[in-house]
file run_6.cif (mmCIF, C-alpha atoms and all ligand atoms)
data_my_file
loop_
_atom_site.label_atom_id
_atom_site.label_comp_id
_atom_site.auth_asym_id
_atom_site.auth_seq_id
_atom_site.Cartn_x
_atom_site.Cartn_y
_atom_site.Cartn_z
CA MET F 46 0.00 0.00 0.00
CA SER F 47 1.45 3.36 -1.00
CA ALA F 48 -1.09 5.75 0.57
CA LYS F 49 -0.29 7.71 3.72
CA LEU F 50 -2.33 6.41 6.67
CA LEU F 51 -4.40 9.14 8.31
CA ASP F 52 -4.05 8.22 11.98
CA GLY F 53 -7.22 9.37 13.73
CA LYS F 54 -6.38 7.51 16.91
CA GLY F 55 -3.09 9.37 17.32
CA LEU F 56 -4.60 12.73 16.38
CA ALA F 57 -7.50 12.26 18.80
CA GLN F 58 -4.98 11.59 21.60
CA THR F 59 -3.07 14.76 20.70
CA MET F 60 -6.24 16.84 20.56
CA GLN F 61 -7.53 15.34 23.83
CA ALA F 62 -4.28 16.33 25.54
CA GLU F 63 -4.87 19.90 24.28
CA LEU F 64 -8.50 19.74 25.44
CA SER F 65 -7.46 18.60 28.95
CA GLY F 66 -5.57 21.85 29.33
CA GLN F 67 -8.54 23.88 28.07
CA VAL F 68 -10.97 22.06 30.39
CA ALA F 69 -8.66 22.65 33.38
CA GLU F 70 -8.29 26.33 32.49
CA PHE F 71 -12.08 26.70 32.09
CA SER F 72 -12.74 24.98 35.42
CA ARG F 73 -10.14 27.13 37.19
CA ALA F 74 -11.64 30.32 35.78
CA THR F 75 -15.31 29.49 36.38
CA GLY F 76 -15.40 26.87 39.15
CA VAL F 77 -17.51 24.71 36.83
CA ARG F 78 -16.64 21.23 35.61
CA PRO F 79 -18.12 20.49 32.18
CA GLY F 80 -20.60 17.60 32.32
CA LEU F 81 -22.01 15.21 29.71
CA ALA F 82 -25.08 13.00 30.22
CA ALA F 83 -25.26 9.94 27.95
CA VAL F 84 -28.54 8.12 27.38
CA LEU F 85 -28.56 4.54 26.14
CA VAL F 86 -31.85 2.75 25.53
CA GLY F 87 -32.32 -0.99 25.11
CA ASP F 88 -30.01 -3.72 23.99
CA ASN F 89 -27.77 -1.69 21.66
CA HIS F 90 -24.42 -3.50 21.85
CA PRO F 91 -22.35 -1.30 19.53
CA GLY F 92 -24.02 1.71 21.15
CA ARG F 93 -22.87 0.51 24.56
CA VAL F 94 -19.28 0.16 23.31
CA TYR F 95 -19.35 3.68 21.81
CA VAL F 96 -20.84 5.20 24.96
CA ARG F 97 -18.17 3.53 27.10
CA LYS F 98 -15.44 4.98 24.88
CA LYS F 99 -17.04 8.42 25.13
CA GLN F 100 -17.16 8.18 28.93
CA GLU F 101 -13.53 7.02 29.16
CA ALA F 102 -12.48 9.95 27.00
CA CYS F 103 -14.48 12.36 29.20
CA ALA F 104 -12.62 11.07 32.27
CA GLN F 105 -9.30 11.51 30.47
CA VAL F 106 -9.89 15.23 29.75
CA GLY F 107 -11.62 16.14 33.04
CA ILE F 108 -15.25 16.21 31.84
CA GLU F 109 -17.77 14.67 34.24
CA SER F 110 -20.09 12.11 32.67
CA TRP F 111 -23.19 10.21 33.68
CA LEU F 112 -24.75 7.21 31.93
CA HIS F 113 -28.53 6.77 31.94
CA GLU F 114 -29.22 3.21 30.82
CA LEU F 115 -32.87 2.48 30.16
CA PRO F 116 -34.53 -0.86 29.29
CA SER F 117 -35.82 -1.53 25.77
CA SER F 118 -39.37 -1.37 27.18
CA THR F 119 -38.91 2.38 27.88
CA THR F 120 -41.81 4.44 26.57
CA GLN F 121 -41.60 7.66 24.59
CA GLY F 122 -43.06 9.50 27.58
CA GLU F 123 -40.45 8.10 29.99
CA LEU F 124 -37.58 9.04 27.67
CA LEU F 125 -38.99 12.53 27.11
CA ALA F 126 -39.30 12.94 30.90
CA LEU F 127 -35.62 12.01 31.36
CA ILE F 128 -34.56 14.47 28.66
CA ALA F 129 -36.63 17.20 30.30
CA ARG F 130 -34.81 16.54 33.60
CA LEU F 131 -31.40 16.64 31.88
CA ASN F 132 -32.36 19.81 29.98
CA ALA F 133 -33.03 21.46 33.35
CA ALA F 134 -30.01 20.06 35.27
CA PRO F 135 -27.38 22.79 35.73
CA ALA F 136 -24.47 20.32 36.05
CA VAL F 137 -25.32 18.77 32.67
CA HIS F 138 -23.92 20.86 29.81
CA GLY F 139 -24.24 18.29 27.04
CA ILE F 140 -26.80 15.55 26.33
CA LEU F 141 -26.01 12.59 24.13
CA VAL F 142 -28.78 10.19 23.15
CA GLN F 143 -27.07 7.23 21.54
CA LEU F 144 -28.72 6.28 18.25
CA PRO F 145 -30.33 4.21 16.91
CA LEU F 146 -33.16 3.99 19.42
CA PRO F 147 -35.48 0.95 19.63
CA ARG F 148 -37.98 1.01 16.77
CA HIS F 149 -41.04 1.81 18.89
CA LEU F 150 -39.55 5.17 19.87
CA ASP F 151 -39.90 8.30 17.71
CA GLU F 152 -36.25 9.21 17.19
CA ALA F 153 -36.93 12.59 15.58
CA ALA F 154 -39.13 13.68 18.50
CA ILE F 155 -36.41 12.63 20.98
CA VAL F 156 -33.67 14.49 19.08
CA ASP F 157 -35.95 17.55 18.92
CA ALA F 158 -36.51 17.40 22.69
CA VAL F 159 -32.84 18.00 23.58
CA THR F 160 -32.50 21.69 24.38
CA PRO F 161 -30.44 23.37 21.63
CA LEU F 162 -27.81 24.70 24.08
CA LYS F 163 -27.01 21.11 25.16
CA ASP F 164 -27.17 19.48 21.70
CA VAL F 165 -23.51 18.42 21.67
CA ASP F 166 -24.18 15.77 18.99
CA GLY F 167 -25.30 18.53 16.65
CA PHE F 168 -28.24 16.44 15.38
CA GLY F 169 -31.07 18.76 16.43
CA PRO F 170 -32.90 21.12 14.08
CA VAL F 171 -31.39 24.26 15.62
CA SER F 172 -27.81 22.94 15.34
CA LEU F 173 -28.38 21.76 11.76
CA GLY F 174 -30.26 24.94 10.85
CA LEU F 175 -27.47 27.18 12.16
CA LEU F 176 -24.93 25.11 10.22
CA ALA F 177 -27.03 25.39 7.04
CA ALA F 178 -27.27 29.15 7.63
CA GLY F 179 -23.47 29.36 7.71
CA ARG F 180 -23.11 30.16 11.43
CA PRO F 181 -22.59 26.82 13.15
CA ARG F 182 -22.89 26.36 16.94
CA PHE F 183 -22.50 22.60 17.59
CA ARG F 184 -21.21 20.74 14.56
CA ALA F 185 -22.08 17.02 14.29
CA CYS F 186 -19.12 15.12 15.72
CA THR F 187 -18.25 12.67 12.95
CA PRO F 188 -18.15 15.18 10.07
CA TYR F 189 -16.36 17.68 12.30
CA GLY F 190 -13.79 14.97 13.07
CA VAL F 191 -13.35 14.31 9.34
CA LEU F 192 -12.58 17.99 8.75
CA GLN F 193 -10.08 18.07 11.62
CA LEU F 194 -8.40 14.93 10.29
CA LEU F 195 -7.98 16.57 6.87
CA GLN F 196 -6.89 19.93 8.24
CA ARG F 197 -4.36 18.59 10.72
CA ASN F 198 -2.83 16.39 8.02
CA GLY F 199 -2.31 19.41 5.78
CA ILE F 200 -5.00 18.39 3.26
CA ASP F 201 -6.58 21.59 1.93
CA VAL F 202 -9.97 21.17 0.24
CA THR F 203 -10.33 24.74 -1.04
CA GLY F 204 -11.76 24.54 -4.55
CA LYS F 205 -11.39 20.75 -4.57
CA HIS F 206 -14.09 18.29 -5.51
CA VAL F 207 -15.20 16.27 -2.48
CA ALA F 208 -17.56 13.36 -3.20
CA ILE F 209 -19.55 12.15 -0.20
CA VAL F 210 -21.26 8.78 -0.52
CA GLY F 211 -24.16 8.71 1.97
CA ARG F 212 -26.72 11.40 2.87
CA SER F 213 -27.53 10.66 6.52
CA ASN F 214 -28.39 13.45 8.95
CA ILE F 215 -25.51 12.23 11.13
CA VAL F 216 -22.69 12.24 8.57
CA GLY F 217 -23.28 12.95 4.87
CA LYS F 218 -25.62 15.92 5.07
CA PRO F 219 -23.85 17.90 7.84
CA LEU F 220 -20.46 17.11 6.27
CA ALA F 221 -21.62 18.60 2.96
CA LEU F 222 -22.76 21.75 4.82
CA MET F 223 -19.44 22.04 6.69
CA LEU F 224 -17.45 21.68 3.46
CA LEU F 225 -19.48 24.49 1.93
CA LEU F 226 -18.78 26.91 4.81
CA LYS F 227 -16.58 29.88 4.04
CA GLY F 228 -13.06 28.84 4.98
CA ALA F 229 -13.58 25.26 3.83
CA ASP F 230 -14.75 26.24 0.32
CA ALA F 231 -14.93 22.79 -1.23
CA THR F 232 -17.04 21.81 -4.23
CA VAL F 233 -19.30 19.05 -2.95
CA THR F 234 -21.25 16.20 -4.52
CA VAL F 235 -23.45 13.99 -2.33
CA CYS F 236 -24.21 10.51 -3.68
CA HIS F 237 -26.89 8.20 -2.26
CA SER F 238 -28.75 4.98 -2.97
CA ARG F 239 -30.55 6.46 -6.00
CA THR F 240 -27.44 8.02 -7.58
CA ARG F 241 -27.01 6.65 -11.09
CA ASP F 242 -23.25 6.13 -11.50
CA VAL F 243 -21.50 6.55 -8.17
CA GLY F 244 -18.16 5.42 -9.62
CA ALA F 245 -18.17 8.16 -12.27
CA ILE F 246 -18.59 10.76 -9.53
CA THR F 247 -16.06 9.32 -7.05
CA ARG F 248 -13.54 8.95 -9.92
CA SER F 249 -13.73 12.68 -10.57
CA ALA F 250 -13.20 13.59 -6.90
CA ASP F 251 -10.05 14.81 -5.15
CA VAL F 252 -11.43 13.56 -1.83
CA VAL F 253 -13.90 10.69 -1.39
CA VAL F 254 -15.79 10.27 1.91
CA MET F 255 -17.61 6.97 2.35
CA ALA F 256 -20.52 6.83 4.81
CA ILE F 257 -23.04 4.22 3.72
CA GLY F 258 -22.37 1.23 5.98
CA GLN F 259 -21.62 -1.33 3.22
CA ALA F 260 -18.40 -3.28 3.63
CA ASN F 261 -15.85 -2.89 0.79
CA TYR F 262 -18.20 -0.82 -1.40
CA LEU F 263 -15.52 1.57 -2.75
CA LYS F 264 -13.25 -0.32 -5.15
CA ALA F 265 -9.89 0.78 -6.55
CA ASP F 266 -11.38 1.49 -10.00
CA MET F 267 -13.77 4.03 -8.42
CA VAL F 268 -10.91 6.26 -7.21
CA GLN F 269 -8.58 8.50 -9.21
CA PRO F 270 -4.85 8.10 -8.57
CA GLY F 271 -3.71 10.39 -5.77
CA ALA F 272 -7.16 10.97 -4.27
CA VAL F 273 -7.69 11.16 -0.51
CA VAL F 274 -10.08 8.51 0.84
CA ILE F 275 -11.91 8.90 4.15
CA ASP F 276 -13.82 5.87 5.44
CA VAL F 277 -16.59 6.58 7.94
CA GLY F 278 -18.07 3.06 7.65
CA MET F 279 -18.07 0.68 10.62
CA ASN F 280 -19.23 -2.77 9.49
CA ARG F 281 -19.02 -5.94 11.54
CA LEU F 282 -17.79 -8.93 9.51
CA PRO F 283 -19.02 -12.49 10.24
CA ASP F 284 -15.66 -13.17 11.95
CA ARG F 285 -16.43 -10.18 14.24
CA ARG F 286 -13.65 -7.95 12.85
CA TRP F 287 -14.56 -4.36 11.99
CA THR F 288 -14.22 -3.09 8.43
CA GLY F 289 -15.12 0.12 6.68
CA ASP F 290 -16.91 0.92 3.40
CA VAL F 291 -13.62 0.91 1.46
CA ASP F 292 -11.85 -2.06 -0.12
CA PHE F 293 -8.83 -1.00 1.89
CA GLU F 294 -5.70 -2.60 0.38
CA PRO F 295 -6.48 -2.09 -3.34
CA VAL F 296 -7.79 1.45 -2.78
CA GLY F 297 -4.73 2.21 -0.61
CA ALA F 298 -2.54 1.33 -3.60
CA VAL F 299 -4.22 4.06 -5.69
CA ALA F 300 -4.96 6.79 -3.12
CA SER F 301 -2.45 9.29 -1.73
CA ALA F 302 -3.93 9.12 1.78
CA ILE F 303 -6.50 6.88 3.46
CA THR F 304 -8.05 6.35 6.89
CA PRO F 305 -7.83 2.92 8.54
CA VAL F 306 -10.86 1.23 10.15
CA PRO F 307 -10.69 1.04 13.08
CA GLY F 308 -8.40 3.87 14.20
CA GLY F 309 -9.37 6.48 11.63
CA VAL F 310 -12.55 8.54 11.91
CA GLY F 311 -14.03 6.74 14.97
CA PRO F 312 -11.68 8.21 17.61
CA MET F 313 -12.10 11.66 16.06
CA THR F 314 -15.89 11.47 16.62
CA VAL F 315 -15.30 10.95 20.34
CA CYS F 316 -12.79 13.78 20.45
CA MET F 317 -15.16 16.27 18.82
CA LEU F 318 -17.92 15.32 21.28
CA LEU F 319 -15.58 16.36 24.10
CA TYR F 320 -14.80 19.61 22.30
CA ASN F 321 -18.53 20.32 21.84
CA THR F 322 -19.19 19.59 25.52
CA LEU F 323 -16.60 22.15 26.59
CA GLN F 324 -18.16 24.64 24.14
CA ALA F 325 -21.60 23.91 25.63
CA ALA F 326 -20.31 24.53 29.16
CA ARG F 327 -18.76 27.83 28.02
CA LEU F 328 -22.02 28.95 26.44
CA GLN F 329 -24.07 27.98 29.50
CA VAL F 330 -21.91 29.69 32.10
CA GLY F 331 -21.62 32.79 29.92
CA ALA F 332 -17.89 32.33 29.34
CA GLY F 333 -18.55 32.76 25.61
CA PRO F 334 -17.54 30.29 22.99
CA ALA F 335 -13.85 29.50 22.57
CA GLU F 336 -12.25 30.25 19.24
CA PRO F 337 -13.77 27.64 16.94
CA LEU F 338 -11.30 25.07 15.73
CA LYS F 339 -9.87 25.89 12.35
CA GLN F 340 -11.94 23.83 9.98
CA ILE F 341 -9.77 23.38 6.95
N1 LIG G 1 -24.97 6.59 16.42
C1 LIG G 1 -24.03 6.48 15.45
N2 LIG G 1 -23.19 7.53 15.52
C2 LIG G 1 -23.61 8.30 16.55
C3 LIG G 1 -23.14 9.52 17.12
O1 LIG G 1 -22.17 10.13 16.69
N3 LIG G 1 -23.85 9.98 18.18
C4 LIG G 1 -24.93 9.33 18.66
N4 LIG G 1 -25.57 9.87 19.68
N5 LIG G 1 -25.40 8.21 18.16
C5 LIG G 1 -24.73 7.70 17.11
#

call {"tool": "encode", "arguments": {"input": "run_6.cif", "output": "structure tokens"}}
result
Amino acid sequence: MSAKLLDGKGLAQTMQAELSGQVAEFSRATGVRPGLAAVLVGDNHPGRVYVRKKQEACAQVGIESWLHELPSSTTQGELLALIARLNAAPAVHGILVQLPLPRHLDEAAIVDAVTPLKDVDGFGPVSLGLLAAGRPRFRACTPYGVLQLLQRNGIDVTGKHVAIVGRSNIVGKPLALMLLLKGADATVTVCHSRTRDVGAITRSADVVVMAIGQANYLKADMVQPGAVVIDVGMNRLPDRRWTGDVDFEPVGAVASAITPVPGGVGPMTVCMLLYNTLQAARLQVGAGPAEPLKQI
């Protein structure tokens, strides 16, 4: 493989060390420790693993965290009541509802119920609306992590063609909006399940971001030589190993840079959640937002 490996795990560690200092400084200045409440409903095994990683990372940087684990029989009313309590709790600056929720729950109504000032996942309509309006408050963690990974590896997307495969509200759509912000200035194409010739579009891209959740979807002949390939996919193989949406070895022979799975985008998502939680605490205690991270 000739491509440079984009090491998200290492970068997340570096950024978390920086964040520890910022959290300590904030707590010294205000007497407030940033706090994150995580909500996990039902038997969501990958969700439980992710939430544990998020809590470990909180502990590492000095953010307090609480886990609210609810049974799969939880009703919409019970979950809304918990969110109302967390919305009103002064020690809780960020609220994270791990998705997906059990099918009987109305996910959109739950996301909408998180008060916008605590929406550290950036999934709510106010966060997404502000981003679409070009004045982001909380940026969704995975796309924000992708931008940091590019920026801190010296990959400038100004004027470049970025092809995103996947249009979810969690990754594809907010990533497209972030790449269009002034300062990022990319030219963006979003492909999805009804796109006619995905390969023709990805082949014309300088950067390809895969976020569809289909193992090995992106083949070497879908990538132009020298392109940068970012793999947001997390797919569990029958032998229980994790793999992304990219046919890693052959694509790595064509690309100039590529993210591994695991150890690429995943750790960056956690890191950006911590960053958003510190921002939320700043906003809520009136300390004002910190300088936003340079996007690209
Ligand atoms: N499910 C998959 N990714 C995420 C994420 O970033 N945040 C939450 N809350 N749920 C998810």

call {"tool": "closest_atom_pairs", "arguments": {"input": "run_6.cif", "of": "stretch 171-259 of chain F", "to": "stretch 306-313 of chain F", "cutoff": "10 Å", "atoms": "all atoms listed in the file", "output": "tab-separated table"}}
result
residue	atom	partner	partner_atom	distance
F:Cys186	CA	F:Met313	CA	7.8
F:Thr187	CA	F:Met313	CA	7.0
F:Pro188	CA	F:Val310	CA	8.9
F:Tyr189	CA	F:Met313	CA	8.3
F:Gly190	CA	F:Met313	CA	4.8
F:Val191	CA	F:Val310	CA	6.4
F:Leu192	CA	F:Met313	CA	9.7
F:Gln193	CA	F:Met313	CA	8.1
F:Leu194	CA	F:Met313	CA	7.6

call {"tool": "residues_around", "arguments": {"input": "run_6.cif", "residues": "stretch 220-233 of chain F", "least_positions_apart": "6", "cutoff": "9 Å", "atoms": "only C-alpha atoms", "output": "MDAnalysis selection string"}}
result
chainID F and resid 173 176:177 179:181 184:185 187:189 191:192 201:209 212 339:341

call {"tool": "residues_near_point", "arguments": {"input": "run_6.cif", "point": "(-28.6, 15.2, 22.6)", "cutoff": "7 Å", "atoms": "all atoms listed in the file", "output": "PyMOL selection string"}}
result
chain F and resi 139-142+156+159+163-166

call {"tool": "closest_residue", "arguments": {"input": "run_6.cif", "among": "F:Arg281, F:Lys99, F:Lys218, F:Arg248", "to": "ligand LIG 1 (chain G)", "atoms": "only C-alpha atoms and all ligand atoms"}}
result
F:Lys99

call {"tool": "closest_residue", "arguments": {"input": "run_6.cif", "among": "F:Thr160, F:Thr240, F:Thr247, F:Ser213", "to": "ligand LIG 1 (chain G)", "atoms": "only C-alpha atoms and all ligand atoms"}}
result
F:Ser213

call {"tool": "atom_distance", "arguments": {"input": "run_6.cif", "atom1": "atom CA of F:Gln269", "atom2": "atom CA of F:Pro219"}}
result
24.7 Å

call {"tool": "closest_residue", "arguments": {"input": "run_6.cif", "among": "F:Thr120, F:Ser47, F:Gln196, F:Ser72", "to": "F:Ala326", "atoms": "all atoms listed in the file"}}
result
F:Ser72

call {"tool": "closest_residue", "arguments": {"input": "run_6.cif", "among": "F:Arg285, F:Arg182, F:Arg327, F:Arg93", "to": "ligand LIG 1 (chain G)", "atoms": "only C-alpha atoms and all ligand atoms"}}
result
F:Arg93

call {"tool": "closest_residue", "arguments": {"input": "run_6.cif", "among": "F:Phe183, F:Phe168, F:Trp111, F:Phe71", "to": "ligand LIG 1 (chain G)", "atoms": "all atoms listed in the file"}}
result
F:Phe168

call {"tool": "closest_residue", "arguments": {"input": "run_6.cif", "among": "F:Gly53, F:Gly278, F:Gly66, F:Gly122", "to": "ligand LIG 1 (chain G)", "atoms": "all atoms listed in the file"}}
result
F:Gly278

call {"tool": "residues_around", "arguments": {"input": "run_6.cif", "residues": "stretch 115-118 of chain F", "least_positions_apart": "6", "cutoff": "7 Å", "atoms": "only C-alpha atoms", "output": "list in words"}}
result
Leu85, Val86, Gly87, Asp88 and Pro147 of chain F

call {"tool": "residues_around", "arguments": {"input": "run_6.cif", "residues": "F:Asn280", "least_positions_apart": "6", "cutoff": "7 Å", "atoms": "all atoms listed in the file", "output": "PyMOL selection string"}}
result
chain F and resi 258-260+287-289

call {"tool": "write_last_selection", "arguments": {"input": "run_6.cif", "atoms": "C-alpha atoms", "output": "PDB file, in the frame of the given file"}}
result
ATOM      1  CA  GLY F 258     -22.370   1.230   5.980  1.00  0.00           C
ATOM      2  CA  GLN F 259     -21.620  -1.330   3.220  1.00  0.00           C
ATOM      3  CA  ALA F 260     -18.400  -3.280   3.630  1.00  0.00           C
ATOM      4  CA  TRP F 287     -14.560  -4.360  11.990  1.00  0.00           C
ATOM      5  CA  THR F 288     -14.220  -3.090   8.430  1.00  0.00           C
ATOM      6  CA  GLY F 289     -15.120   0.120   6.680  1.00  0.00           C
TER       7      GLY F 289
END

call {"tool": "atom_distance", "arguments": {"input": "run_6.cif", "atom1": "atom CA of F:Asp284", "atom2": "atom CA of F:Pro91"}}
result
15.6 Å

call {"tool": "residues_around", "arguments": {"input": "run_6.cif", "residues": "F:Val171", "least_positions_apart": "3", "cutoff": "7 Å", "atoms": "all atoms listed in the file", "output": "number ranges by chain"}}
result
F: 161, 174-175

call {"tool": "atom_distance", "arguments": {"input": "run_6.cif", "atom1": "atom CA of F:Glu152", "atom2": "atom CA of F:Gly92"}}
result
14.9 Å
